[in-house]
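**Student:** Shown below is the structure under consideration.
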Amino acid sequence: MKGMKVFLMGLFLAVLCLSGAFANGQQEKSDDTITVGLSNNGAESGWQLAYYNSVHEEAAARGWKLNYVEAQNKQENQIQALRSFIAMDVDAIVLQPVVETGWEPVLKEAKQAGIPVILSGRGIKVSDEDLYVTLICSDFITEGEMAGEWLADQTNGKASIVELQGTAGASAANDRKKGFENIINTYPEMKIIKSQVAEFTRTKGKEVMEAFIKAEGDSITAVYAHNDDMGLGAIQALEEAGMKPGEDVIVISIDGIKDAFTAMVDGTLNATVECTPLLGPKIYDAVQSTLNGETLPKFMPSDDRLFDTTTAAKELPNRKF
């Protein structure tokens, strides 16, 4: 009888130990789960949808927790989101900034809280670059230069261009404009005759292009759009005005979304410069490296490529966004 009691007591203690080990294991797994707060500036384009899918799919694949806030293209919403991430004590913050300036106060709060901030998609201007770890995005100046060089080649350096700009104050808009002008300013007969913000949206691109057509009419020989959605909106406006985009008017844009490739195959868009939104793996690799104590370069650029009507059909089946 005494032996039976000893046996039962031992069994009871073993069960307790196993239960405790299981509970501790579950708790450790929870503690080890990386939590990221990500503030995206908007959902205005096909590029942004692909970015959304990339960061969510990659977080799920890694078993990470992603707190995602879409800011409706308002900086105040992004600042509020970042402060909520700080209050939650996330492991890292990823910011796709809607504009370049005005970030220092909230980034200082993140730094004081010991939370690293990684920029993606767009850059910022701050007096202290230690406020963020790295910037992961395309080189927007290079993209603009690629567009300018292609257009100069296609037009023999002669064009009356209307420009559809992205969101005012966004690094993508500022730098794509700068890069494009770096090239066309070397050609005396290439002129931007109209330029206006169209907010990176197809609807606004169409609206602004309609105004350009009303003001300039047949004098327009080329359209440069800071993203594909605005370019596709411009194509709609040109068609409705009885003009032939791709023939009467050369249209070049940036992003490389699938709809742009379809338009190139159809002959209404002449070229697009790729700007990949599939940044999820690269962003989370940077987060992991930062949490591991590794030092990263301040700028981690993506590779950009230009596609036109001669290559679009072959590339279209390969597009993931």
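By convention in this document, the chains of the structure tokens carry letters A, B, ... by their order, each chain's residues are numbered from 1, and ligands are numbered from 1 in the order they are shown.
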Excluding same-chain residues fewer than 4 positions from stretch 246-255 of chain A, what lies within 6 Å of it counting only C-alpha atoms, as a ChimeraX atom specification?
**Tutor:** /A:221-228,231,267-275
**Student:** Mind the document's chain letters and residue numbers, and return as a PyMOL selection string the residues of stretch 43-176 of chain A that DSSP labels helix (DSSP H, G or I).
**Tutor:** chain A and resi 46-62+75-88+104-112+129-131+140-155+171-176
**Student:** Which residue gives the smallest distance to A:Thr186 among A:Asp91, A:Asp130, A:Asp139, A:Gly148, with only C-alpha atoms counted?
**Tutor:**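 That would be A:Gly148, the residue with the smallest distance to A:Thr186.
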**Student:** So that I can see what lies close to A:Pro116, please list as a ChimeraX atom specification the residues with an atom at most 10 Å from it, counting only C-alpha atoms and leaving out residues fewer than 6 positions away in the same chain.
**Tutor:** /A:90-94,107,110,130-134,287,290-291
**Student:** Rank nothing, just name the residue among A:Glu145, A:Glu315, A:Asp32, A:Glu294 nearest to A:Thr262, using only C-alpha atoms.
**Tutor:**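 For A:Thr262, the nearest of the given residues is A:Glu315.
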